[in-house]
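Colleague: Supplied structure: protein37.csv, CSV, C-alpha atoms.
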chain,number,residue,atom,x,y,z
A,1,MET,CA,4.1,18.1,19.7
A,2,THR,CA,1.9,21.3,19.8
A,3,ALA,CA,2.8,21.8,23.5
A,4,LEU,CA,6.5,21.5,22.7
A,5,LEU,CA,6.3,24.0,19.9
A,6,THR,CA,4.4,26.4,22.1
A,7,ILE,CA,7.1,26.2,24.8
A,8,LEU,CA,9.8,26.7,22.2
A,9,LEU,CA,8.0,29.8,20.8
A,10,VAL,CA,7.6,31.3,24.3
A,11,THR,CA,11.2,30.7,25.1
A,12,PHE,CA,12.4,32.3,21.9
A,13,VAL,CA,10.2,35.3,22.5
A,14,ALA,CA,11.5,35.7,26.0
A,15,VAL,CA,15.2,35.5,24.8
A,16,ALA,CA,14.5,38.0,22.1
A,17,ILE,CA,13.0,40.5,24.5
A,18,TRP,CA,15.9,40.0,26.9
A,19,GLN,CA,18.4,40.6,24.1
A,20,LEU,CA,16.5,43.7,23.0
A,21,ILE,CA,16.7,45.1,26.5
A,22,LYS,CA,20.5,44.5,26.6
A,23,ILE,CA,20.9,46.2,23.3
A,24,PHE,CA,18.9,49.2,24.5
A,25,ASP,CA,21.0,49.5,27.6
A,26,LEU,CA,24.3,49.3,25.6
A,27,ALA,CA,23.0,52.0,23.2
A,28,GLN,CA,22.4,54.6,26.0
A,29,VAL,CA,24.7,57.5,25.2
A,30,GLY,CA,26.4,59.5,28.0
A,31,GLU,CA,25.7,56.9,30.7
A,32,SER,CA,28.3,54.8,32.4
A,33,ASN,CA,28.2,51.3,31.2
A,34,SER,CA,30.2,48.4,32.6
A,35,ALA,CA,28.7,45.8,30.3
A,36,VAL,CA,32.0,45.1,28.6
A,37,ALA,CA,32.5,41.5,27.5
A,38,THR,CA,35.2,39.6,29.4
A,39,ASP,CA,36.9,36.4,28.3
A,40,LYS,CA,34.4,34.5,30.5
A,41,ASP,CA,31.5,36.1,28.6
A,42,ASN,CA,33.1,35.3,25.3
A,43,LYS,CA,33.7,31.7,26.3
A,44,ILE,CA,30.0,31.3,27.4
A,45,ASN,CA,28.8,32.8,24.1
A,46,GLY,CA,31.1,30.5,22.2
A,47,TYR,CA,29.6,27.4,23.9
A,48,LEU,CA,26.1,28.8,23.3
A,49,MET,CA,26.9,29.0,19.6
A,50,LEU,CA,27.8,25.3,19.7
A,51,ALA,CA,24.7,24.5,21.7
A,52,PHE,CA,22.5,26.3,19.2
A,53,LEU,CA,24.2,24.4,16.4
A,54,ALA,CA,23.3,21.2,18.1
A,55,PHE,CA,19.8,22.4,18.5
A,56,ILE,CA,19.5,23.2,14.8
A,57,TYR,CA,20.7,19.6,13.9
A,58,ILE,CA,18.4,18.0,16.5
A,59,ILE,CA,15.3,20.0,15.4
A,60,THR,CA,16.1,19.2,11.8
A,61,ILE,CA,16.4,15.4,12.5
A,62,VAL,CA,13.1,15.5,14.6
A,63,CYS,CA,11.3,17.4,11.7
A,64,ILE,CA,12.5,14.9,9.1
A,65,TRP,CA,11.6,12.0,11.4
A,66,TYR,CA,8.0,13.2,12.1
A,67,LEU,CA,7.2,15.4,9.1
A,68,GLY,CA,9.6,14.3,6.4
A,69,ASP,CA,7.3,11.8,4.7
A,70,LEU,CA,6.6,14.2,1.9
A,71,PRO,CA,3.3,12.4,1.2
A,72,LEU,CA,2.6,14.0,-2.2
A,73,LEU,CA,6.0,12.8,-3.5
A,74,SER,CA,4.8,9.2,-3.1
A,75,ASN,CA,1.5,9.7,-4.9
A,76,SER,CA,2.2,11.2,-8.3
A,77,ALA,CA,-0.8,10.7,-10.7
A,78,SER,CA,0.5,12.2,-13.9
A,79,GLU,CA,3.0,11.1,-16.6
A,80,HIS,CA,5.4,14.0,-15.9
A,81,GLY,CA,5.0,13.7,-12.1
A,82,PRO,CA,8.1,11.6,-11.4
A,83,ASP,CA,10.3,14.1,-13.2
A,84,ILE,CA,9.0,16.9,-11.0
A,85,ASP,CA,9.5,14.8,-7.9
A,86,ASN,CA,13.1,13.9,-8.9
A,87,LEU,CA,13.8,17.6,-9.4
A,88,MET,CA,12.4,18.5,-6.0
A,89,ILE,CA,14.2,15.7,-4.2
A,90,ILE,CA,17.5,16.7,-5.8
A,91,SER,CA,17.0,20.3,-4.8
A,92,LEU,CA,16.1,19.3,-1.2
A,93,VAL,CA,19.1,17.1,-0.9
A,94,ILE,CA,21.5,19.8,-2.1
A,95,ILE,CA,19.9,22.4,0.2
A,96,PHE,CA,20.2,20.0,3.1
A,97,ILE,CA,23.9,19.3,2.5
A,98,VAL,CA,24.7,23.0,2.0
A,99,GLN,CA,22.7,24.1,5.0
A,100,THR,CA,24.4,21.4,7.2
A,101,PHE,CA,27.9,22.3,6.1
A,102,THR,CA,27.6,26.1,6.2
A,103,GLN,CA,25.8,26.2,9.6
A,104,PHE,CA,28.5,24.1,11.0
A,105,LEU,CA,31.2,26.4,9.7
A,106,LEU,CA,29.3,29.5,10.9
A,107,HIS,CA,28.8,28.3,14.5
A,108,TYR,CA,32.1,26.5,14.8
A,109,PHE,CA,34.1,29.6,13.7
A,110,ALA,CA,32.1,31.7,16.1
A,111,TYR,CA,33.3,29.4,18.9
A,112,LYS,CA,36.9,28.9,17.7
A,113,TYR,CA,37.6,32.6,17.1
A,114,LYS,CA,35.8,33.9,20.2
A,115,GLY,CA,37.4,36.9,21.8
A,116,GLU,CA,40.4,36.2,24.1
A,117,LYS,CA,43.0,38.5,25.4
A,118,GLY,CA,46.3,38.2,23.5
A,119,LYS,CA,44.7,36.0,20.8
A,120,LYS,CA,44.3,37.1,17.2
A,121,ALA,CA,42.6,35.2,14.4
A,122,LEU,CA,44.4,34.5,11.2
A,123,PHE,CA,43.3,37.0,8.6
A,124,TYR,CA,43.4,36.8,4.8
A,125,ALA,CA,43.2,40.1,3.0
A,126,ASP,CA,42.7,38.3,-0.3
A,127,ASN,CA,42.8,34.7,-1.5
A,128,ASN,CA,41.9,34.0,-5.1
A,129,THR,CA,41.8,30.3,-4.6
A,130,LEU,CA,39.1,30.5,-1.9
A,131,GLU,CA,37.2,33.0,-4.0
A,132,ALA,CA,37.2,30.7,-7.0
A,133,ILE,CA,36.1,27.7,-4.9
A,134,TRP,CA,33.1,29.3,-3.2
A,135,THR,CA,32.1,31.1,-6.4
A,136,GLY,CA,32.6,28.2,-8.8
A,137,ILE,CA,30.9,25.4,-6.9
A,138,PRO,CA,27.5,27.3,-6.5
A,139,VAL,CA,27.7,28.4,-10.1
A,140,VAL,CA,28.1,24.8,-11.4
A,141,VAL,CA,25.5,23.3,-9.0
A,142,LEU,CA,22.9,26.0,-9.8
A,143,ALA,CA,23.6,25.9,-13.5
A,144,GLY,CA,23.0,22.1,-13.4
A,145,LEU,CA,19.7,22.5,-11.5
A,146,ILE,CA,18.5,25.3,-13.8
A,147,ILE,CA,19.3,23.3,-17.0
A,148,TYR,CA,17.7,20.2,-15.6
A,149,GLY,CA,14.6,22.2,-14.6
A,150,LEU,CA,14.4,23.9,-18.1
A,151,PHE,CA,14.6,20.5,-19.8
A,152,THR,CA,11.9,19.1,-17.5
A,153,TRP,CA,9.7,22.2,-18.0
A,154,ASN,CA,10.1,22.0,-21.8
A,155,ASP,CA,9.1,18.3,-21.8
A,156,ILE,CA,5.9,19.2,-19.9
A,157,MET,CA,4.9,22.3,-21.8
A,158,ASN,CA,5.6,21.1,-25.4
A,159,VAL,CA,2.3,19.5,-26.2
A,160,ASP,CA,2.3,17.1,-29.1
A,161,LYS,CA,-0.8,17.8,-31.2
A,162,GLU,CA,-0.5,14.4,-32.9
A,163,GLU,CA,-1.5,12.8,-29.6
A,164,ASP,CA,-4.9,14.4,-29.9
A,165,PRO,CA,-5.0,15.8,-26.4
A,166,LEU,CA,-8.4,16.4,-24.8
A,167,VAL,CA,-9.0,20.2,-24.8
A,168,VAL,CA,-10.5,21.6,-21.6
A,169,GLU,CA,-10.9,25.1,-20.4
A,170,LEU,CA,-10.6,25.9,-16.7
A,171,TYR,CA,-12.5,29.1,-15.9
A,172,ALA,CA,-11.7,30.9,-12.6
A,173,GLN,CA,-13.8,33.4,-10.8
A,174,GLN,CA,-14.2,34.5,-7.2
A,175,PHE,CA,-14.6,31.9,-5.7
A,176,ASN,CA,-15.3,28.9,-7.8
A,177,TRP,CA,-14.2,26.9,-10.9
A,178,LYS,CA,-16.0,25.9,-14.0
A,179,ALA,CA,-14.7,23.6,-16.7
A,180,ARG,CA,-15.6,23.7,-20.4
A,181,TYR,CA,-14.9,20.7,-22.7
A,182,ALA,CA,-14.4,21.3,-26.4
A,183,GLY,CA,-17.0,18.7,-27.4
A,184,SER,CA,-16.9,16.3,-30.2
A,185,ASP,CA,-14.9,18.6,-32.5
A,186,ASN,CA,-12.3,19.0,-29.7
A,187,VAL,CA,-12.1,22.8,-30.5
A,188,LEU,CA,-13.2,25.3,-27.9
A,189,GLY,CA,-15.6,28.0,-29.1
A,190,LYS,CA,-14.5,31.6,-28.7
A,191,ALA,CA,-15.3,33.3,-25.4
A,192,ASN,CA,-15.1,36.7,-23.8
A,193,VAL,CA,-16.1,38.0,-20.4
A,194,ARG,CA,-18.1,40.8,-22.1
A,195,LEU,CA,-20.4,38.1,-23.6
A,196,ILE,CA,-21.5,36.8,-20.2
A,197,ASP,CA,-25.3,36.7,-20.1
A,198,LEU,CA,-26.8,35.4,-16.9
A,199,ASP,CA,-30.3,35.6,-18.3
A,200,LYS,CA,-29.3,32.9,-20.9
A,201,ALA,CA,-27.1,31.0,-18.4
A,202,ASN,CA,-24.1,31.9,-20.5
A,203,ILE,CA,-21.9,32.2,-17.4
A,204,LEU,CA,-18.6,31.8,-19.2
A,205,GLY,CA,-19.2,34.4,-21.9
A,206,VAL,CA,-19.0,31.8,-24.7
A,207,ASP,CA,-19.7,33.2,-28.2
A,208,GLU,CA,-23.2,31.9,-29.1
A,209,ASP,CA,-22.6,32.5,-32.8
A,210,ASP,CA,-19.4,30.5,-33.0
A,211,PRO,CA,-20.0,27.1,-34.6
A,212,ASN,CA,-17.2,25.5,-32.6
A,213,ALA,CA,-19.0,26.5,-29.4
A,214,GLN,CA,-22.3,24.7,-30.0
A,215,ASP,CA,-21.0,21.3,-28.8
A,216,ASP,CA,-19.0,22.7,-25.9
A,217,VAL,CA,-19.9,21.3,-22.4
A,218,VAL,CA,-19.8,23.4,-19.3
A,219,VAL,CA,-19.6,21.5,-15.9
A,220,THR,CA,-18.8,22.1,-12.3
A,221,GLU,CA,-17.0,18.7,-11.8
A,222,LEU,CA,-13.9,17.9,-13.8
A,223,HIS,CA,-13.7,14.4,-15.3
A,224,LEU,CA,-10.5,13.2,-17.0
A,225,PRO,CA,-9.7,9.9,-18.8
A,226,LYS,CA,-6.8,7.9,-17.7
A,227,GLY,CA,-3.9,7.7,-20.2
A,228,ARG,CA,-5.0,10.5,-22.5
A,229,PRO,CA,-3.2,13.8,-22.7
A,230,VAL,CA,-5.3,16.7,-21.5
A,231,LEU,CA,-4.6,20.3,-22.7
A,232,PHE,CA,-6.0,22.9,-20.3
A,233,LYS,CA,-6.7,26.4,-21.5
A,234,MET,CA,-7.1,28.7,-18.5
A,235,ARG,CA,-9.0,32.0,-18.1
A,236,SER,CA,-9.9,34.3,-15.2
A,237,GLN,CA,-13.0,36.4,-15.0
A,238,ASP,CA,-11.9,38.8,-12.3
A,239,VAL,CA,-8.5,38.7,-10.5
A,240,LEU,CA,-5.3,36.6,-10.7
A,241,HIS,CA,-6.0,33.0,-9.7
A,242,SER,CA,-3.7,29.9,-9.9
A,243,ALA,CA,-5.0,26.5,-11.1
A,244,TYR,CA,-3.2,24.1,-8.8
A,245,MET,CA,-3.6,20.3,-9.0
A,246,PRO,CA,-1.0,18.9,-6.6
A,247,HIS,CA,-1.3,15.2,-7.3
A,248,PHE,CA,-0.8,15.9,-11.0
A,249,ARG,CA,2.2,18.2,-10.3
A,250,ALA,CA,0.3,20.9,-12.3
A,251,GLN,CA,0.1,24.6,-11.6
A,252,MET,CA,-0.5,27.6,-13.9
A,253,ASN,CA,-1.7,31.2,-13.3
A,254,CYS,CA,-5.1,32.2,-14.6
A,255,VAL,CA,-4.7,35.8,-15.7
A,256,PRO,CA,-7.5,38.2,-16.5
A,257,GLY,CA,-7.5,39.2,-20.1
A,258,MET,CA,-5.4,36.3,-21.5
A,259,VAL,CA,-5.4,32.6,-21.9
A,260,THR,CA,-2.7,30.4,-20.3
A,261,GLN,CA,-2.2,26.7,-20.8
A,262,PHE,CA,-0.8,23.5,-19.1
A,263,ALA,CA,-1.0,19.9,-20.2
A,264,PHE,CA,-0.5,16.5,-18.5
A,265,THR,CA,-1.5,12.9,-18.9
A,266,PRO,CA,-3.4,11.3,-15.9
A,267,THR,CA,-1.9,7.9,-14.9
A,268,VAL,CA,-3.9,6.8,-11.9
A,269,THR,CA,-7.7,6.8,-11.6
A,270,THR,CA,-9.5,8.0,-8.6
A,271,ALA,CA,-10.6,4.5,-7.8
A,272,GLU,CA,-7.0,3.2,-8.0
A,273,MET,CA,-5.8,6.0,-5.7
A,274,ARG,CA,-8.4,5.2,-3.2
A,275,GLN,CA,-7.2,1.6,-3.1
A,276,ASN,CA,-3.6,2.8,-2.3
A,277,PRO,CA,-3.0,1.8,1.4
A,278,ASP,CA,-0.5,4.6,1.9
A,279,MET,CA,-3.1,7.2,0.6
A,280,GLN,CA,-5.8,5.7,2.9
A,281,ASP,CA,-3.6,6.2,5.9
A,282,LYS,CA,-2.6,9.7,5.0
A,283,VAL,CA,-6.1,10.9,4.1
A,284,LYS,CA,-7.6,9.3,7.3
A,285,ASN,CA,-6.3,11.8,9.8
A,286,ILE,CA,-6.9,14.8,7.5
A,287,ASN,CA,-10.5,13.9,6.7
A,288,ASN,CA,-11.4,12.9,10.2
A,289,ILE,CA,-10.6,16.5,11.2
A,290,ARG,CA,-12.6,17.8,8.3
A,291,VAL,CA,-15.6,15.6,9.2
A,292,GLU,CA,-15.5,16.7,12.8
A,293,LYS,CA,-15.4,20.3,11.8
A,294,SER,CA,-18.3,19.8,9.4
A,295,LYS,CA,-20.3,18.2,12.2
A,296,ALA,CA,-19.6,21.0,14.6
A,297,LEU,CA,-19.9,24.0,12.2
A,298,MET,CA,-22.6,22.8,9.8
A,299,ALA,CA,-24.4,20.1,11.8
A,300,GLU,CA,-24.3,17.7,8.9
A,301,ASP,CA,-25.9,14.4,9.2
A,302,GLU,CA,-23.3,11.6,9.8
A,303,GLU,CA,-24.7,9.6,6.9
A,304,GLY,CA,-22.8,10.1,3.7
A,305,LEU,CA,-19.6,11.4,5.3
A,306,ASP,CA,-16.8,9.0,4.5
A,307,PRO,CA,-13.7,10.0,6.5
A,308,TYR,CA,-11.6,7.7,4.3
A,309,GLU,CA,-12.7,9.0,0.9
A,310,PHE,CA,-10.0,10.5,-1.4
A,311,ASP,CA,-10.7,12.9,-4.2
A,312,TYR,CA,-8.4,14.8,-6.5
A,313,LEU,CA,-8.9,18.5,-6.2
A,314,LEU,CA,-8.4,21.6,-8.3
A,315,LEU,CA,-7.4,24.4,-6.0
A,316,CYS,CA,-6.6,28.1,-6.2
A,317,ASN,CA,-3.0,28.8,-5.2
A,318,LYS,CA,-3.2,32.6,-5.3
A,319,ILE,CA,-4.8,34.6,-2.4
A,320,CYS,CA,-7.7,35.9,-4.4
A,321,GLY,CA,-10.0,37.2,-1.7
A,322,LYS,CA,-11.8,36.4,1.5
A,323,SER,CA,-13.1,33.0,0.3
A,324,HIS,CA,-9.9,31.9,-1.4
A,325,TYR,CA,-9.5,29.0,1.0
A,326,ASN,CA,-12.7,27.4,-0.2
A,327,MET,CA,-12.1,27.8,-4.0
A,328,GLN,CA,-11.8,24.2,-5.2
A,329,MET,CA,-13.3,21.7,-7.7
A,330,LYS,CA,-13.5,18.0,-7.5
A,331,ILE,CA,-11.5,16.0,-10.2
A,332,VAL,CA,-12.5,12.5,-11.2
A,333,VAL,CA,-10.0,10.4,-13.1
A,334,GLU,CA,-11.6,7.4,-14.7
A,335,THR,CA,-11.2,5.0,-17.6
A,336,GLU,CA,-11.9,6.1,-21.2
A,337,GLU,CA,-15.1,4.1,-21.2
A,338,GLU,CA,-16.4,5.7,-18.0
A,339,PHE,CA,-15.4,9.1,-19.2
A,340,ASN,CA,-17.2,8.7,-22.5
A,341,ALA,CA,-20.3,7.5,-20.7
A,342,TRP,CA,-20.2,10.5,-18.3
A,343,MET,CA,-19.7,12.9,-21.2
A,344,SER,CA,-22.7,11.5,-23.1
A,345,GLU,CA,-24.9,12.5,-20.2
A,346,GLN,CA,-23.9,16.2,-20.3
A,347,LYS,CA,-25.7,19.0,-22.0
A,348,THR,CA,-24.0,20.8,-24.8
A,349,PHE,CA,-23.7,24.6,-24.7
A,350,ALA,CA,-26.4,25.1,-27.4
A,351,ASN,CA,-28.8,23.0,-25.4
A,352,SER,CA,-28.1,24.6,-22.1
A,353,LEU,CA,-29.1,28.1,-23.1
A,354,ASN,CA,-32.4,29.3,-21.7
Step by step, read the file and then write its structure as C-alpha cells.
Modeller:
Amino acid sequence: MTALLTILLVTFVAVAIWQLIKIFDLAQVGESNSAVATDKDNKINGYLMLAFLAFIYIITIVCIWYLGDLPLLSNSASEHGPDIDNLMIISLVIIFIVQTFTQFLLHYFAYKYKGEKGKKALFYADNNTLEAIWTGIPVVVLAGLIIYGLFTWNDIMNVDKEEDPLVVELYAQQFNWKARYAGSDNVLGKANVRLIDLDKANILGVDEDDPNAQDDVVVTELHLPKGRPVLFKMRSQDVLHSAYMPHFRAQMNCVPGMVTQFAFTPTVTTAEMRQNPDMQDKVKNINNIRVEKSKALMAEDEEGLDPYEFDYLLLCNKICGKSHYNMQMKIVVETEEEFNAWMSEQKTFANSLN
C-alpha cells in the first residue's frame, strides 16, 4: 500500500511539473506560439476528465474498503458517545453523497461541453428555479445538521447537579497532565498559578488556606468510576491545550487564565474494553509497532511489554510545543468499589505538602 501511494505521489508531482512548464510556455509574451487546442486536443482532455472521475471513485472505494472501518465509532465508552457517533455518521453520509453527485456533474459536463468547432453549449443567463434549488437544498440540510448538533451539544453540556457528578480538575502544562479530585466534600479548593510553590510540592497552585482544598487529591493517573457522571474543570498553566479523550467523545480547550468544563458518564470499564475482541485486533497492530520502537529507541526489557494491552488515554489535541506528541495521561475506568478503594489509598492535598 505504501509503495502504491509513493508511485501515485511521484506521478502527480511529475504531471504537475509538466503542466507548469506548459503554462509557462503559453504565458511567454511576444513569442510565436502554436500551442492552440484543436478538436482532437479537446476530445483527449474530455476523456481524461472522465478517466479522472473514474480514478476518484476507484480511490474512494479502495479507501473505504481498507480504511473505512472507523474503529473509534465502534468503541464508544461514554453515555453520550452514540449521539456523537450518529452525528458524525450522518455528516459523512451526506458529504459522500454530495461529493459523488457534484464530482460527477463537474467532470461529465467538462466532457460533454468540450470545445468543438461549430458547437455551442446551451447557456442560461438567469434561471430562478435552478437558483432556488441549489440554494434551498443546502440551506435545509445544513440547518438540520446544525440544529441536531446543537441539541446534542446541549444534552452533553447541561450537567444535572442532582446526579451528584464526581468533580475532577484536569490541569495542563507543557508537557504533562495532572488531575485533582474534589475529595470527600466534592468541592474543589480555589487555585491560581500564582500560588504554585514547588518547595511545598504545591504544583497546581492550590490555595492552602481554603478549607475545601484540604481534602483534594492530586494524581498523575486518572481513575473514573463506571456509571457515575464526571464533571471536569480544566485549567492550563502556560499555553493553550486541549483535553481530548477520544473513546469518551470528549474534548475541551484548556485556556490559560480561565476554567472550562466538560462532563460525561463512563459506560465501559478498562477491563471490559480489553475483553472486546474487536478492540484487541485493532490495538494489536498499533501496539506492536509501539513496542518495536520502544525496543529500538529505548532498549527496554521485553518483560512487562504487553502488545495487546489497551488503555484509555487523555491526550492534548492542540500543538502546544516540541513535546506535544507525548503529552498524555492514562485513564482507568473501573467499578465504583474499585474506584473507592483506589481513592482511599491516595494522599490528600493537606497531607502531601512538605
Colleague: Between A:Met49, A:Leu195, A:Leu150, A:Val206, which is the closest to Tyr113 (chain A) once you count only C-alpha atoms?
Modeller: A:Met49
Colleague: Give me the residues near Leu315 (chain A) as a VMD selection string, where near means some atom within 7 Å (using all atoms listed in the file) and where sequence neighbours in that chain fewer than 5 positions away do not count.
Modeller: chain A and resid 243 to 245 327 to 329
Colleague: Between A:Leu198, A:Leu204, A:Leu170, A:Val333, which is the closest to Met252 (chain A) once you count all atoms listed in the file?
Modeller: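 Between A:Leu198, A:Leu204, A:Leu170, A:Val333, the residue approaching Met252 (chain A) most closely is A:Leu170.
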Colleague: I'd like the interatomic distance between CA of Thr269 (chain A) and CA of Asn75 (chain A), to a tenth of an Å.
Modeller: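 Separation of CA of Thr269 (chain A) and CA of Asn75 (chain A): 11.7 Å.
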Colleague: Contacts of region 146-148 of chain A at 8 Å or less, counting all atoms listed in the file, minus same-chain residues fewer than 4 places along, as a ChimeraX atom specification?
Modeller: /A:87,142,152
Colleague: Of the candidates A:Leu122, A:Ile58, A:Ala14, A:Met157, which shows the shortest atom-to-atom distance to Thr265 (chain A), using only C-alpha atoms?
Modeller: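 So, comparing all the options, the nearest one is A:Met157.
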Colleague: Determine the nearest neighbour of Gly81 (chain A) from the options A:Lys226, A:Lys200, A:Lys112, A:Arg249, counting all atoms listed in the file.
Modeller: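 Ranking A:Lys226, A:Lys200, A:Lys112, A:Arg249 by distance to Gly81 (chain A), first place goes to A:Arg249.
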Colleague: Of the candidates A:Ala51, A:Phe232, A:Asp39, A:Phe12, which shows the shortest atom-to-atom distance to Lys119 (chain A), using all atoms listed in the file?
Modeller: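 Of A:Ala51, A:Phe232, A:Asp39, A:Phe12, the one nearest Lys119 (chain A) is A:Asp39, counting all atoms listed in the file.
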Colleague: Can you pull out every residue within 8 Å of Leu166 (chain A), counting all atoms listed in the file, but drop anything in the same chain fewer than 6 positions away, and send it as a list in words?
Modeller: Ala182, Asn186, Arg228, Pro229, Val230 and Leu231 of chain A
Colleague: Could you work out how far CA of Phe349 (chain A) lies from CA of Asn212 (chain A), giving the answer in Å with one decimal?
Modeller: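 CA of Asn212 (chain A) sits 10.3 Å away from CA of Phe349 (chain A).
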Colleague: Hey, which of A:Thr220, A:Asn317, A:Thr335, A:Asn253 ends up closest to Glu272 (chain A)? Count all atoms listed in the file.
Modeller: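 Smallest separation from Glu272 (chain A) among the options: A:Thr335.
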Colleague: Between CA of Leu188 (chain A) and CA of Ala213 (chain A), what is the spacing in Å?
Modeller: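 Computed distance, CA of Ala213 (chain A) to CA of Leu188 (chain A), equals 6.1 Å.
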Colleague: Can you tell me which residues surround Thr270 (chain A) at a distance of at most 9 Å, considering all atoms listed in the file, apart from same-chain residues fewer than 2 positions away, and format the answer as a PDB file with C-alpha atoms, keeping the file's coordinate frame?
Modeller:
ATOM      1  CA  VAL A 268      -3.900   6.800 -11.900  1.00  0.00           C
ATOM      2  CA  GLU A 272      -7.000   3.200  -8.000  1.00  0.00           C
ATOM      3  CA  MET A 273      -5.800   6.000  -5.700  1.00  0.00           C
ATOM      4  CA  ARG A 274      -8.400   5.200  -3.200  1.00  0.00           C
ATOM      5  CA  GLN A 275      -7.200   1.600  -3.100  1.00  0.00           C
ATOM      6  CA  PHE A 310     -10.000  10.500  -1.400  1.00  0.00           C
ATOM      7  CA  ASP A 311     -10.700  12.900  -4.200  1.00  0.00           C
ATOM      8  CA  TYR A 312      -8.400  14.800  -6.500  1.00  0.00           C
ATOM      9  CA  ILE A 331     -11.500  16.000 -10.200  1.00  0.00           C
ATOM     10  CA  VAL A 332     -12.500  12.500 -11.200  1.00  0.00           C
ATOM     11  CA  VAL A 333     -10.000  10.400 -13.100  1.00  0.00           C
ATOM     12  CA  GLU A 334     -11.600   7.400 -14.700  1.00  0.00           C
TER      13      GLU A 334
END
Colleague: Leaving out Asn176 (chain A) and any residue of its chain fewer than 3 positions from it, which residues lie within 12 Å of it when counting all atoms listed in the file, given as a ChimeraX atom specification?
Modeller: /A:170-173,179,219-221,236-238,241-243,314-316,320-321,323-330
